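Structure below is entry34.txt: compact mmCIF, C-alpha atoms.
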# COMPACT_ATOMS: atom_id res chain seq x y z
CA MET T 49 -47.95 75.57 -8.79
CA ARG T 50 -50.99 76.27 -10.91
CA LYS T 51 -51.40 73.88 -13.78
CA PHE T 52 -50.42 75.46 -17.07
CA ILE T 53 -52.81 74.65 -19.89
CA TYR T 54 -51.40 74.97 -23.34
CA SER T 55 -53.90 74.86 -26.18
CA LEU T 56 -52.49 74.37 -29.64
CA ILE T 57 -54.38 76.61 -32.06
CA LEU T 58 -53.92 76.61 -35.81
CA ALA T 59 -54.27 79.80 -37.80
CA ALA T 60 -56.46 77.97 -40.29
CA GLY T 61 -59.32 76.25 -38.49
CA GLY T 62 -60.96 72.92 -39.16
CA MET T 63 -57.91 70.98 -40.35
CA MET T 64 -58.32 67.26 -39.70
CA MET T 65 -55.43 65.11 -38.61
CA GLY T 66 -54.07 63.06 -41.47
CA GLY T 67 -52.84 59.50 -41.68
CA SER T 68 -54.43 56.15 -40.96
CA GLY T 69 -56.48 56.00 -37.78
CA ALA T 70 -56.80 59.79 -37.75
CA ALA T 71 -58.57 61.35 -34.81
CA ALA T 72 -61.98 62.85 -35.41
CA VAL T 73 -61.11 66.01 -33.47
CA THR T 74 -59.32 69.00 -34.94
CA LEU T 75 -56.23 70.46 -33.33
CA GLN T 76 -58.40 73.28 -32.01
CA GLN T 77 -60.34 70.68 -30.03
CA MET T 78 -57.27 69.41 -28.19
CA ARG T 79 -56.02 70.63 -24.82
CA PHE T 80 -52.35 70.08 -23.95
CA HIS T 81 -50.72 70.31 -20.54
CA CYS T 82 -47.64 72.11 -21.84
CA ALA T 83 -45.87 73.03 -25.04
CA ASN T 84 -43.48 70.06 -25.12
CA ASP T 85 -46.13 67.33 -24.71
CA THR T 86 -45.99 66.33 -28.37
CA THR T 87 -42.19 66.07 -28.34
CA GLU T 88 -42.22 63.91 -25.22
CA ILE T 89 -44.90 61.61 -26.61
CA ASN T 90 -42.86 61.17 -29.81
CA GLN T 91 -39.78 60.33 -27.72
CA LEU T 92 -41.68 57.75 -25.67
CA LEU T 93 -43.12 56.15 -28.79
CA LYS T 94 -39.68 56.03 -30.41
CA LYS T 95 -38.38 54.20 -27.35
CA GLY T 96 -41.28 51.74 -27.57
CA VAL T 97 -40.78 51.04 -31.27
CA GLU T 98 -37.02 50.62 -30.81
CA SER T 99 -37.54 48.23 -27.86
CA GLY T 100 -38.62 45.56 -30.33
CA LEU T 101 -41.41 44.48 -27.97
CA LYS T 102 -44.51 43.17 -29.76
CA SER T 103 -46.74 41.93 -26.94
CA PRO T 104 -49.24 44.58 -25.80
CA ASN T 105 -48.75 43.52 -22.17
CA GLU T 106 -44.98 43.95 -22.45
CA LEU T 107 -45.47 47.39 -23.99
CA VAL T 108 -47.90 48.38 -21.23
CA CYS T 109 -45.28 47.38 -18.63
CA LEU T 110 -42.56 49.30 -20.47
CA TYR T 111 -44.59 52.48 -20.60
CA ALA T 112 -45.97 52.11 -17.06
CA HIS T 113 -42.42 52.11 -15.72
CA GLU T 114 -41.52 55.07 -17.94
CA LEU T 115 -44.35 57.03 -16.31
CA MET T 116 -43.53 56.06 -12.71
CA GLY T 117 -43.07 59.03 -10.41
CA ARG T 118 -45.29 61.37 -12.41
CA PRO T 119 -47.71 63.26 -10.17
CA TYR T 120 -51.28 62.22 -9.50
CA VAL T 121 -53.66 65.04 -10.40
CA ALA T 122 -57.43 64.59 -10.46
CA GLN T 123 -59.96 66.07 -12.88
CA THR T 124 -57.50 66.97 -15.64
CA LEU T 125 -60.21 66.18 -18.22
CA GLU T 126 -62.71 68.67 -16.86
CA GLY T 127 -63.35 71.96 -18.62
CA THR T 128 -65.81 73.69 -20.92
CA PRO T 129 -66.10 72.98 -23.74
CA GLU T 130 -65.12 69.30 -23.75
CA MET T 131 -61.76 68.83 -25.44
CA LEU T 132 -59.44 65.92 -26.11
CA THR T 133 -57.05 66.44 -23.20
CA ILE T 134 -53.51 65.22 -23.82
CA ASP T 135 -51.57 65.24 -20.57
CA ILE T 136 -48.85 62.70 -19.81
CA ASP T 137 -47.35 64.80 -17.02
CA GLU T 138 -50.31 64.72 -14.62
CA LEU T 139 -52.35 61.54 -14.38
CA ASP T 140 -55.25 60.09 -12.46
CA CYS T 141 -56.01 56.38 -12.33
CA THR T 142 -58.17 56.34 -15.47
CA THR T 143 -56.07 58.67 -17.61
CA PHE T 144 -53.02 56.59 -16.61
CA VAL T 145 -54.64 53.45 -18.07
CA GLU T 146 -55.86 55.31 -21.17
CA THR T 147 -52.40 56.79 -21.71
CA LEU T 148 -50.82 53.32 -21.50
CA TYR T 149 -53.37 51.98 -23.97
CA ALA T 150 -52.72 54.77 -26.47
CA LEU T 151 -48.93 54.44 -26.19
CA ALA T 152 -49.00 50.65 -26.55
CA ARG T 153 -51.58 50.60 -29.38
CA THR T 154 -49.65 53.21 -31.36
CA THR T 155 -46.40 51.29 -30.90
CA MET T 156 -48.06 48.04 -32.01
CA THR T 157 -48.74 49.68 -35.37
CA GLY T 158 -45.08 50.66 -35.72
CA ARG T 159 -45.83 54.38 -35.46
CA TYR T 160 -44.22 56.98 -33.25
CA SER T 161 -46.16 60.15 -33.92
CA TRP T 162 -48.17 61.98 -31.27
CA ARG T 163 -50.94 62.34 -33.88
CA ASP T 164 -51.45 58.57 -33.94
CA TYR T 165 -51.31 58.58 -30.14
CA ALA T 166 -54.06 61.22 -30.05
CA ALA T 167 -56.25 59.11 -32.35
CA ASN T 168 -55.88 56.06 -30.11
CA LEU T 169 -56.52 58.12 -26.98
CA GLU T 170 -59.74 59.49 -28.46
CA SER T 171 -60.74 55.97 -29.50
CA ILE T 172 -60.59 54.54 -25.98
CA ARG T 173 -61.96 57.57 -24.11
CA TYR T 174 -65.10 58.38 -26.11
CA ARG T 175 -68.25 56.61 -27.23
CA GLY T 176 -67.85 55.44 -30.79
CA GLY T 177 -64.25 56.63 -30.65
CA GLU T 178 -65.25 60.25 -31.28
CA MET T 179 -65.26 63.19 -28.91
CA ASN T 180 -68.61 64.97 -29.09
CA GLY T 181 -69.21 66.82 -25.86
CA TYR T 182 -69.13 65.87 -22.19
CA THR T 183 -71.60 63.00 -22.41
CA SER T 184 -69.65 61.32 -25.21
CA ARG T 185 -66.89 60.60 -22.69
CA LEU T 186 -67.11 57.09 -21.21
CA HIS T 187 -67.52 58.03 -17.56
CA TYR T 188 -68.56 54.62 -16.19
CA ILE T 189 -66.03 51.80 -16.54
CA SER T 190 -68.80 49.34 -17.39
CA GLU T 191 -69.70 51.44 -20.43
CA TRP T 192 -65.99 51.95 -21.15
CA ALA T 193 -65.68 48.14 -21.16
CA VAL T 194 -68.72 47.50 -23.36
CA GLU T 195 -67.68 50.17 -25.86
CA ASN T 196 -64.02 49.23 -26.13
CA THR T 197 -64.59 45.48 -26.28
CA SER T 198 -67.24 45.90 -28.99
CA ARG T 199 -64.92 48.07 -31.08
CA GLY T 200 -61.97 45.71 -30.73
CA ASN T 201 -59.76 47.88 -28.53
CA LEU T 202 -59.85 45.61 -25.48
CA THR T 203 -60.81 42.13 -24.35
CA GLU T 204 -62.34 41.65 -20.92
CA VAL T 205 -61.01 38.36 -19.55
CA THR T 206 -62.68 38.52 -16.13
CA GLY T 207 -65.40 35.97 -16.90
CA ASP T 208 -62.83 33.39 -18.03
CA LEU T 209 -60.74 33.56 -14.87
CA ASP T 210 -60.80 31.06 -12.02
CA GLY T 211 -63.38 32.04 -9.41
CA ALA T 212 -65.29 34.48 -11.62
CA ARG T 213 -68.75 35.41 -10.42
CA TYR T 214 -71.32 37.99 -11.44
CA MET T 215 -72.76 41.16 -9.99
CA ILE T 216 -75.82 43.18 -11.00
CA LYS T 217 -75.80 46.92 -10.37
CA THR T 218 -77.70 49.98 -11.54
CA LEU T 219 -75.30 52.73 -12.56
CA ASP T 220 -76.68 56.16 -11.73
CA PHE T 221 -74.09 57.67 -9.38
CA MET T 222 -73.44 60.73 -11.53
CA THR T 223 -77.03 61.93 -11.78
CA THR T 224 -77.84 61.06 -8.17
CA HIS T 225 -74.78 63.12 -7.13
CA ARG T 226 -75.35 65.90 -9.64
CA SER T 227 -73.70 68.61 -7.55
CA SER T 228 -70.37 66.74 -7.69
CA TYR T 229 -70.22 67.10 -11.48
CA PRO T 230 -70.21 70.77 -12.60
CA ALA T 231 -71.03 69.86 -16.21
CA LEU T 232 -74.35 68.39 -15.04
CA ALA T 233 -75.54 71.79 -13.88
CA ASP T 234 -76.59 72.25 -17.49
CA SER T 235 -80.08 70.73 -17.81
CA ALA T 236 -79.58 69.35 -21.31
CA THR T 237 -76.32 67.65 -20.31
CA PHE T 238 -77.95 66.25 -17.19
CA GLU T 239 -80.86 64.78 -19.15
CA LYS T 240 -78.50 63.28 -21.72
CA MET T 241 -76.46 61.64 -18.96
CA ARG T 242 -79.59 60.32 -17.30
CA SER T 243 -80.76 58.78 -20.57
CA LEU T 244 -77.36 57.09 -21.00
CA GLU T 245 -77.57 55.68 -17.48
CA ILE T 246 -80.92 54.04 -18.28
CA GLY T 247 -79.00 51.57 -20.45
CA TYR T 248 -77.10 50.45 -17.35
CA ARG T 249 -79.99 49.65 -15.06
CA ASN T 250 -79.50 46.17 -13.62
CA HIS T 251 -76.23 45.86 -15.50
CA ARG T 252 -74.58 42.44 -15.11
CA PHE T 253 -70.80 42.06 -15.15
CA ALA T 254 -68.19 39.54 -14.06
CA TYR T 255 -65.73 40.15 -11.24
CA ILE T 256 -63.22 38.30 -9.08
CA LYS T 257 -63.68 38.56 -5.32
CA LYS T 258 -60.75 40.11 -3.50
CA GLU T 259 -60.49 37.03 -1.28
CA SER T 260 -59.47 35.04 -4.38
CA LEU T 261 -56.43 37.14 -5.22
CA HIS T 262 -54.02 34.71 -3.49
CA ASN T 263 -55.42 31.79 -5.51
CA LYS T 264 -52.45 30.28 -7.37
CA LYS T 265 -54.51 29.20 -10.37
CA LEU T 266 -55.88 32.72 -10.74
CA ILE T 267 -52.42 34.26 -10.37
CA ASP T 268 -51.13 31.97 -13.11
CA GLN T 269 -53.93 33.12 -15.43
CA LEU T 270 -53.17 36.81 -14.96
CA ARG T 271 -50.32 38.67 -16.65
CA SER T 272 -48.17 41.65 -15.87
CA GLY T 273 -49.53 44.46 -18.01
CA ASP T 274 -53.19 43.49 -17.60
CA PHE T 275 -55.44 46.46 -16.88
CA VAL T 276 -57.38 46.03 -13.66
CA ALA T 277 -60.43 47.89 -12.31
CA LEU T 278 -61.39 47.78 -8.62
CA VAL T 279 -65.07 46.95 -8.14
CA THR T 280 -66.93 48.83 -5.41
CA LYS T 281 -70.02 48.28 -3.30
CA ILE T 282 -70.91 51.99 -3.44
CA ASP T 283 -74.48 52.39 -4.66
CA GLY T 284 -74.80 53.48 -8.28
CA LEU T 285 -71.12 52.97 -9.06
CA ASP T 286 -69.24 50.02 -10.53
CA VAL T 287 -65.54 50.88 -10.21
CA THR T 288 -63.57 53.35 -8.08
CA HIS T 289 -59.97 52.82 -9.22
CA MET T 290 -57.84 51.44 -12.06
CA GLY T 291 -54.27 50.38 -12.64
CA VAL T 292 -51.98 47.75 -14.08
CA ILE T 293 -51.11 44.33 -12.72
CA GLU T 294 -47.48 43.58 -11.93
CA LYS T 295 -46.64 40.01 -10.87
CA LYS T 296 -43.77 39.73 -8.43
CA ASP T 297 -42.63 36.83 -6.25
CA GLY T 298 -45.77 34.86 -7.13
CA ARG T 299 -48.14 37.63 -6.04
CA LEU T 300 -50.21 40.35 -7.71
CA TYR T 301 -49.36 44.01 -7.23
CA LEU T 302 -51.01 47.17 -8.52
CA LEU T 303 -49.04 49.77 -10.48
CA ASP T 304 -51.23 52.84 -10.50
CA ALA T 305 -51.62 56.60 -10.37
CA SER T 306 -52.29 56.73 -6.65
CA SER T 307 -54.39 59.44 -5.00
CA VAL T 308 -52.77 58.41 -1.69
CA GLY T 309 -49.16 58.34 -2.87
CA LYS T 310 -49.82 61.37 -5.14
CA LYS T 311 -47.84 59.81 -7.99
CA VAL T 312 -47.59 56.86 -10.36
CA GLN T 313 -46.18 54.06 -8.22
CA LEU T 314 -46.01 50.35 -7.55
CA GLU T 315 -48.05 49.66 -4.40
CA THR T 316 -46.03 48.11 -1.59
CA ASP T 317 -48.78 45.74 -0.39
CA ASP T 318 -49.96 42.98 -2.69
CA MET T 319 -53.35 43.49 -4.30
CA MET T 320 -55.30 41.27 -1.92
CA GLU T 321 -53.94 43.08 1.12
CA MET T 322 -54.52 46.44 -0.54
CA LEU T 323 -58.18 45.64 -1.24
CA ARG T 324 -58.67 44.04 2.17
CA ARG T 325 -57.85 47.34 3.86
CA ASN T 326 -60.63 49.12 1.94
CA ARG T 327 -64.01 47.64 2.80
CA SER T 328 -65.75 49.30 -0.12
CA ASN T 329 -63.61 47.31 -2.60
CA LEU T 330 -65.21 43.99 -3.51
CA GLY T 331 -62.83 42.66 -6.15
CA ILE T 332 -61.47 43.25 -9.63
CA ARG T 333 -62.21 43.23 -13.35
CA VAL T 334 -59.43 42.53 -15.84
CA PHE T 335 -58.85 43.81 -19.39
CA ARG T 336 -56.22 43.25 -22.06
CA ILE T 337 -55.37 45.15 -25.22
CA ARG T 338 -56.71 43.11 -28.14
CA VAL T 339 -54.19 42.15 -30.80
CA GLN T 340 -55.69 43.26 -34.11
Go ahead and express the file in the form of structure tokens.
Amino acid sequence: MRKFIYSLILAAGGMMMGGSGAAAVTLQQMRFHCANDTTEINQLLKKGVESGLKSPNELVCLYAHELMGRPYVAQTLEGTPEMLTIDIDELDCTTFVETLYALARTTMTGRYSWRDYAANLESIRYRGGEMNGYTSRLHYISEWAVENTSRGNLTEVTGDLDGARYMIKTLDFMTTHRSSYPALADSATFEKMRSLEIGYRNHRFAYIKKESLHNKKLIDQLRSGDFVALVTKIDGLDVTHMGVIEKKDGRLYLLDASSVGKKVQLETDDMMEMLRRNRSNLGIRVFRIRVQ
């Protein structure tokens, strides 16, 4: 079935969203998957507020299980012009994590309006928390990490974990694979992306080797509801997949929007075995929602 895109258009243009933490985008700059998205987001947020849960990790777990079974669909953010895409019905690995962040962060403030959700989604997805064209989107997870830790959305705990080590990579995969990104066909957009990549030449970041994922001390340090990014050895790229940690029977499992399973699911193999089967995966990075 072809994806139905529902764009909410106001008769009077330029109206900004009200309330604290308001999104910078107007309603005309939002793209919805279908007409009942806002109602469903409000219902999910109401369930989160009424759960009484306060810990961001507990809220992430609650919402991750609420979203289980939803289909994996890639490239839901792509389109011209760039818009704040709100789609909780079709998820890829990154939009799954961003959706969980926005749901949990909104609930932590005691709110249950899709407008607050939209503001938090924009905050984690875009540089400076404001959508301003294709290159304002945080395409590389390393930049996503730097931006969101500096603005207080997330804390990266990787460097504090047992067995942490460091990697240095130059991030230029998008411009060296220009044909894979239709938006980069535009010369101005391409040059802007290339200038942003310059800031991530010889970028140093912490990671945990996949061989350490059965380490009991490490397992004890990690929490269900931690966001995890899978580090890759692919040239020019830092991360190829994201998800949420679920601890079960003393082991680490990945709850993710799976391109293999074609849905949001809890992987059957533990995380070490899952990464061992993919030689391009080197290890993980770990993030938590910061309590503000």
Considering all atoms listed in the file, return as a compact mmCIF listing (two decimals) with C-alpha atoms, keeping the file's coordinate frame whatever protein or nucleic-acid residues lie within 10 Å of His262 (chain T), sequence-local ones (same chain, fewer than 2 positions apart) excluded.
# COMPACT_ATOMS: atom_id res chain seq x y z
CA LYS T 258 -60.75 40.11 -3.50
CA GLU T 259 -60.49 37.03 -1.28
CA SER T 260 -59.47 35.04 -4.38
CA LYS T 264 -52.45 30.28 -7.37
CA LYS T 265 -54.51 29.20 -10.37
CA LEU T 266 -55.88 32.72 -10.74
CA ILE T 267 -52.42 34.26 -10.37
CA GLY T 298 -45.77 34.86 -7.13
CA ARG T 299 -48.14 37.63 -6.04
CA LEU T 300 -50.21 40.35 -7.71
CA ASP T 318 -49.96 42.98 -2.69
CA MET T 319 -53.35 43.49 -4.30
CA MET T 320 -55.30 41.27 -1.92
CA GLU T 321 -53.94 43.08 1.12
For His187 (chain T), which of T:Asn201, T:Asp286, T:Ala305, T:Val279 is the closest residue, counting only C-alpha atoms?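 Checking each candidate against His187 (chain T), we get T:Asp286 as the closest.
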Rank T:Asn329, T:Thr87, T:Thr124, T:Ser103 by their smallest atom-to-atom distance to Asp274 (chain T), using all atoms listed in the file, and report the top residue only.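 Selected residue with least distance to Asp274 (chain T): T:Ser103.
With CA of Ile134 (chain T) on one side and CA of Asp220 (chain T) on the other, the separation reads 27.7 Å.
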Neighbour list for Leu209 (chain T) as JSON, numbers by chain, cut-off 12 Å, only C-alpha atoms, skip fewer than 4 positions in-chain: {"T": [204, 205, 213, 214, 254, 255, 256, 257, 260, 261, 263, 264, 265, 266, 267, 268, 269, 270, 271, 332, 333, 334, 335]}
